[in-house]
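*Asks:* Before I ask anything, here is the structure I am working with.
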There are 2 protein chains.
Amino acid sequence: MVPKSVEIRIHDAMIALTAAEKRAARALLGNYPMLGFAPVAEFSNAAGTSPATVLRFVSRLGFASYPQFQRALRDELEERTKSPLQRSHEVPARDPDHFLDRFFDQTIENLRNSVGGIPLSEFEAACARIAEQRTACHLVGGRFTDAIARYMEAHLRLVRPGIRRLDGRPATRQDQLLDIKAGDTVLFFDVRRYDTDLYETAEALAARRAFPILITDEWISPLSRYAKIVLPCRISVERVWDANTVLFALAEAIIARATELAWSTASRRIGDIEQN
Amino acid sequence: MVPKSVEIRIHDAMIALTAAEKRAARALLGNYPMLGFAPVAEFSNAAGTSPATVLRFVSRLGFASYPQFQRALRDELEERTKSPLQRSHEVPARDPDHFLDRFFDQTIENLRNSVGGIPLSEFEAACARIAEQRTACHLVGGRFTDAIARYMEAHLRLVRPGIRRLDGRPATRQDQLLDIKAGDTVLFFDVRRYDTDLYETAEALAARRAFPILITDEWISPLSRYAKIVLPCRISVERVWDANTVLFALAEAIIARATELAWSTASRRIGDIEQN
DNA sequence: TCAATACTGAAACGTATGGTTCAGAATGCG
DNA sequence: CGCATTCTGAACCATACGTTTCAGTATTGA
């Protein structure tokens with residue numbers, strides 16, 4: 001029988017490990033396999049536990065001694081670097097049908113497909129617009145996507161002044177609309193089970209000559225009617241759930257790109273804040 | 001000055017090495033860097049020379065001792081595996097250098113790597129715990145991750161009763177702690193620039209016998225000390241930004257799985273809500 | 001061919017490292 | 001709440017490991 005990979009051994013054993021031993025396991029997985037080449041004392045230090053526990057951990061993995069464990073790591077590493085595809089940090093093959101793996105695979109698939117559906121020029125234009133500081137920038141999300149709007153708000157506030165997030169409640173929204181000026185950028189998140197309230201909001205904004213950008217799903221929110229820029233994402237997962245991870249990823253990409261574009265001011269603001 | 005790679009040092013030194021030392025050098029280059037992790041005796045054996053020669057060889061490379069040489073190898077390996085390499089299996093991208101594509105590629109890579117680092121048993125245990133309705137479930141996020149906590153809150157509220165999100169401000173947090181009972185689940189999000197406030201919170205919770213679950217980054221928040229379950233994610237993007245998309249994806253996976261597990265009640269609750 | 005020099009590995013040494021024990025702390029159960 | 005059990009790390013021990021020494025061997029130049 002081929003000896004099992006150390007990584008797999010850890011996963012298998014994980015459930016039976018004690019608290020301190022788990023810390024050791026995590027530390028090792030955290031920078032695998034390098035930490036295993038360190039002396040026990042350093043390992044235990046990095047894991048925040050005692051050398052004794054590390055030794056127990058190693059023995060639970062089925063190794064007779066620490067050196068033997070290290071040798072296994074070395075052999076494994078050798079095996080890996082010799083194999084045709086340099087699969088330096090590949091997923092250890094385990095049950096490919098497990099929920100988590102399937103879910104992540106699907107998410108990855110969505111990300112892939114989404115990239116293709118987003119025109120680069122649109123993406124660039126959106127980022128440029130958001131980095132543009134002469135006009136204010138407003139963020140609006142729906143029931144679930146509001147969280148994404150908040151995330152973006154928290155980041156963009158570091159980058160530039162004039163960031164606002166519109167509150168979710170339709171009642172207060174009317175008031176907030178008053179602050180939006182002609183030329184202001186408004187970034188909408190709207191996905192399936194499209195929010196009908198938003199529809200009115202968008203209409204009002206169009207009348208005010210704002211610049212609406214829409215991030216939506218593959219079925220495209222009716223808001224697109226009013227949007228100057230539309231960025232569609234693939235969100236369905238196995239036809240059961242809709243997953244907003246792709247929206248989130250896109251939000252992060254926009255944040256990152258806008259930060260680049262507005263770097264001259266962003267760096268100053270960030271610097272100021274870090275000092276406190 | 002940045003320390004030179006060991007490999008380069010060897011090449012530089014090669015010309016000045018003696019015959020037996022060259023054998024050592026070749027052996028090391030021959031299966032680099034694994035042989036360097038072996039004890040001196042084994043190294044010398046593999047190189048067909050004596051331990052003394054290996055030591056001399058190492059010292060010629062400019063290292064003060066064999067352990068120091070090994071540490072350099074480890075650091076180097078670490079550096080290498082952390083860099084954004086291995087993008088062989090990818091979308092036939094149009095402009096592969098464009099920001100958006102690169103960003104998504106990196107995110108995909110992070111998702112891939114993250115799956116490997118999360119033990120299924122831990123993931124399952126966390127979901128089961130969150131689906132468990134006899135105890136309350138509290139969510140806590142940091143500066144940016146608070147948005148993710150909110151997202152999760154919005155979903156889990158549909159699934160089961162007893163969901164609460166702790167407010168970010170340390171002042172109000174004290175009051176909120178009072179509501180947490182022994183056995184309650186507390187889900188923390190904590191990534192780099194770890195929130196020191198959270199640390200105290202976690203300590204207090206541990207004293208109250210709550211059940212802390214931690215979602216963190218590859219460097220593992222110090223909170224892990226108190227956590228019963230730790231789910232680490234890969235978040236670094238090209239060493240410049242940290243991206244929380246993976247955290248978000250994990251949050252969604254947990255939501256989805258917990259929904260499955262608690263389906264009997266979840267379906268009823270969702271049905272009730274949809275009717276309105 | 002011989003002498004001077006450099007190289008090499010066997011053996012001896014001291015230390016840092018892995019391993020073990022045990023008392024105290026934490027945990028879980030009745 | 002208190003007992004039994006398990007877990008944990010401090011202190012200790014044995015030894016394997018890196019290191020040094022030194023005598024023997026090869027190499028080079030005269």
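Identifiers in this document derive from the order of the structure tokens: chains are assigned A, B, ..., residues are numbered from 1 separately in each chain, and ligands are numbered from 1 in order of occurrence.
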Within 10 Å of chain C, which residues of chain A come that close, and what is the closest atom pair and distance in Å for each? Count only C-alpha atoms (C1' of nucleotides) and give it as a Markdown table.
*Replies:*
```
| residue | atom | partner | partner_atom | distance |
| --- | --- | --- | --- | --- |
| A:Pro39 | CA | C:DT17 | C1' | 7.5 |
| A:Val40 | CA | C:DG18 | C1' | 7.5 |
| A:Ala41 | CA | C:DT17 | C1' | 8.5 |
| A:Pro51 | CA | C:DG18 | C1' | 9.2 |
| A:Ala52 | CA | C:DG19 | C1' | 8.4 |
| A:Leu55 | CA | C:DG19 | C1' | 8.3 |
| A:Ser65 | CA | C:DG18 | C1' | 8.3 |
| A:Tyr66 | CA | C:DG18 | C1' | 7.2 |
| A:Pro67 | CA | C:DG18 | C1' | 8.5 |
```
*Asks:* Write the residues of the preceding selection, restricted to N, CA and C atoms, as an mmCIF file, in the first residue's frame.
*Replies:*
```cif
data_model
loop_
_atom_site.group_PDB
_atom_site.id
_atom_site.type_symbol
_atom_site.label_atom_id
_atom_site.label_comp_id
_atom_site.auth_asym_id
_atom_site.auth_seq_id
_atom_site.Cartn_x
_atom_site.Cartn_y
_atom_site.Cartn_z
ATOM 1 N N PRO A 39 12.575 22.226 13.878
ATOM 2 C CA PRO A 39 12.708 21.433 15.098
ATOM 3 C C PRO A 39 11.415 21.501 15.913
ATOM 4 N N VAL A 40 11.231 20.531 16.745
ATOM 5 C CA VAL A 40 9.983 20.457 17.500
ATOM 6 C C VAL A 40 9.705 21.734 18.274
ATOM 7 N N ALA A 41 10.743 22.271 18.877
ATOM 8 C CA ALA A 41 10.551 23.468 19.695
ATOM 9 C C ALA A 41 9.953 24.601 18.880
ATOM 10 N N PRO A 51 6.115 21.469 23.226
ATOM 11 C CA PRO A 51 6.742 20.432 22.403
ATOM 12 C C PRO A 51 6.095 19.066 22.615
ATOM 13 N N ALA A 52 5.764 18.790 23.830
ATOM 14 C CA ALA A 52 5.165 17.487 24.124
ATOM 15 C C ALA A 52 3.915 17.251 23.276
ATOM 16 N N LEU A 55 4.683 16.397 19.733
ATOM 17 C CA LEU A 55 5.107 14.995 19.615
ATOM 18 C C LEU A 55 3.904 14.071 19.640
ATOM 19 N N SER A 65 8.206 8.423 15.208
ATOM 20 C CA SER A 65 9.061 9.451 15.795
ATOM 21 C C SER A 65 8.990 10.710 14.947
ATOM 22 N N TYR A 66 9.500 11.774 15.507
ATOM 23 C CA TYR A 66 9.483 13.042 14.783
ATOM 24 C C TYR A 66 10.349 12.990 13.523
ATOM 25 N N PRO A 67 11.551 12.476 13.637
ATOM 26 C CA PRO A 67 12.370 12.347 12.420
ATOM 27 C C PRO A 67 11.666 11.552 11.331
#
```
*Asks:* Taking only C-alpha atoms (C1' of nucleotides) into account, find every residue of chain A that has an atom no more than 9 Å from chain D, and write it out as an MDAnalysis selection string.
*Replies:* chainID A and resid 18:20 49:53
*Asks:* Take the residues from that selection and write them out as a PDB file, in the first residue's frame, keeping all heavy atoms.
*Replies:*
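File again09.pdb, as written:
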```pdb
ATOM      1  N   THR A  18      -7.177  16.330  20.091  1.00  0.00           N
ATOM      2  CA  THR A  18      -7.560  17.190  21.208  1.00  0.00           C
ATOM      3  C   THR A  18      -7.322  18.642  20.808  1.00  0.00           C
ATOM      4  O   THR A  18      -6.716  18.928  19.783  1.00  0.00           O
ATOM      5  CB  THR A  18      -6.720  16.877  22.443  1.00  0.00           C
ATOM      6  OG1 THR A  18      -5.378  17.283  22.183  1.00  0.00           O
ATOM      7  CG2 THR A  18      -6.756  15.402  22.764  1.00  0.00           C
ATOM      8  N   ALA A  19      -7.792  19.534  21.646  1.00  0.00           N
ATOM      9  CA  ALA A  19      -7.743  20.965  21.313  1.00  0.00           C
ATOM     10  C   ALA A  19      -6.330  21.427  20.974  1.00  0.00           C
ATOM     11  O   ALA A  19      -6.094  22.022  19.927  1.00  0.00           O
ATOM     12  CB  ALA A  19      -8.300  21.780  22.466  1.00  0.00           C
ATOM     13  N   ALA A  20      -5.395  21.154  21.858  1.00  0.00           N
ATOM     14  CA  ALA A  20      -4.030  21.627  21.630  1.00  0.00           C
ATOM     15  C   ALA A  20      -3.425  20.942  20.412  1.00  0.00           C
ATOM     16  O   ALA A  20      -2.662  21.544  19.662  1.00  0.00           O
ATOM     17  CB  ALA A  20      -3.174  21.359  22.856  1.00  0.00           C
ATOM     18  N   THR A  49       1.779  25.933  21.461  1.00  0.00           N
ATOM     19  CA  THR A  49       1.584  24.809  22.378  1.00  0.00           C
ATOM     20  C   THR A  49       2.939  24.305  22.844  1.00  0.00           C
ATOM     21  O   THR A  49       3.953  24.903  22.543  1.00  0.00           O
ATOM     22  CB  THR A  49       0.768  23.702  21.688  1.00  0.00           C
ATOM     23  OG1 THR A  49       0.610  22.629  22.574  1.00  0.00           O
ATOM     24  CG2 THR A  49       1.475  23.237  20.434  1.00  0.00           C
ATOM     25  N   SER A  50       2.953  23.214  23.546  1.00  0.00           N
ATOM     26  CA  SER A  50       4.223  22.709  24.065  1.00  0.00           C
ATOM     27  C   SER A  50       4.806  21.665  23.132  1.00  0.00           C
ATOM     28  O   SER A  50       4.092  21.059  22.347  1.00  0.00           O
ATOM     29  CB  SER A  50       3.999  22.084  25.436  1.00  0.00           C
ATOM     30  OG  SER A  50       3.223  20.913  25.298  1.00  0.00           O
ATOM     31  N   PRO A  51       6.115  21.469  23.226  1.00  0.00           N
ATOM     32  CA  PRO A  51       6.742  20.432  22.403  1.00  0.00           C
ATOM     33  C   PRO A  51       6.095  19.066  22.615  1.00  0.00           C
ATOM     34  O   PRO A  51       5.886  18.321  21.659  1.00  0.00           O
ATOM     35  CB  PRO A  51       8.187  20.425  22.912  1.00  0.00           C
ATOM     36  CG  PRO A  51       8.405  21.779  23.468  1.00  0.00           C
ATOM     37  CD  PRO A  51       7.086  22.236  24.003  1.00  0.00           C
ATOM     38  N   ALA A  52       5.764  18.790  23.830  1.00  0.00           N
ATOM     39  CA  ALA A  52       5.165  17.487  24.124  1.00  0.00           C
ATOM     40  C   ALA A  52       3.915  17.251  23.276  1.00  0.00           C
ATOM     41  O   ALA A  52       3.721  16.167  22.720  1.00  0.00           O
ATOM     42  CB  ALA A  52       4.826  17.394  25.605  1.00  0.00           C
ATOM     43  N   THR A  53       3.098  18.260  23.174  1.00  0.00           N
ATOM     44  CA  THR A  53       1.859  18.116  22.412  1.00  0.00           C
ATOM     45  C   THR A  53       2.141  17.863  20.943  1.00  0.00           C
ATOM     46  O   THR A  53       1.468  17.046  20.303  1.00  0.00           O
ATOM     47  CB  THR A  53       1.000  19.380  22.565  1.00  0.00           C
ATOM     48  OG1 THR A  53       0.705  19.556  23.944  1.00  0.00           O
ATOM     49  CG2 THR A  53      -0.282  19.253  21.796  1.00  0.00           C
TER      50      THR A  53
END
```
*Asks:* May I ask you to extract the residues of chain A within 8 Å of chain B, using only C-alpha atoms, and to give them as a PyMOL selection string?
*Replies:* chain A and resi 11+14-15+19+23+29-31+34+37-38+71+74-75+77-78+86-92+99-101+103-104+107-108+111-112+115+120+123+143-148+150-151+154-155+241+243-245+248-249+252-253+256-257
*Asks:* For the full set of C-alpha atoms taken in order, report to one decimal the RMSD after fitting chain B onto chain A.
*Replies:*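 Between these identical-sequence chains, the C-alpha RMSD is 19.2 Å.
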*Asks:* List every residue of range 12-260 of chain A that DSSP, applied to the backbone of this structure, places in alpha helix (DSSP H), and write the result as an MDAnalysis selection string.
*Replies:* chainID A and resid 12:14 19:30 34:37 40:47 51:60 66:82 99:117 120:131 146:159 170:178 196:207 245:260
*Asks:* Using Å and a single decimal, report how far CA of Asp184 in chain A sits from CA of Ala210 in chain A.
*Replies:*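 Computed distance, CA of Ala210 in chain A to CA of Asp184 in chain A, equals 5.0 Å.
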*Asks:* Work out how far CA of Lys4 in chain A is from CA of Phe57 in chain A, in Å to one decimal.
*Replies:* 16.3 Å
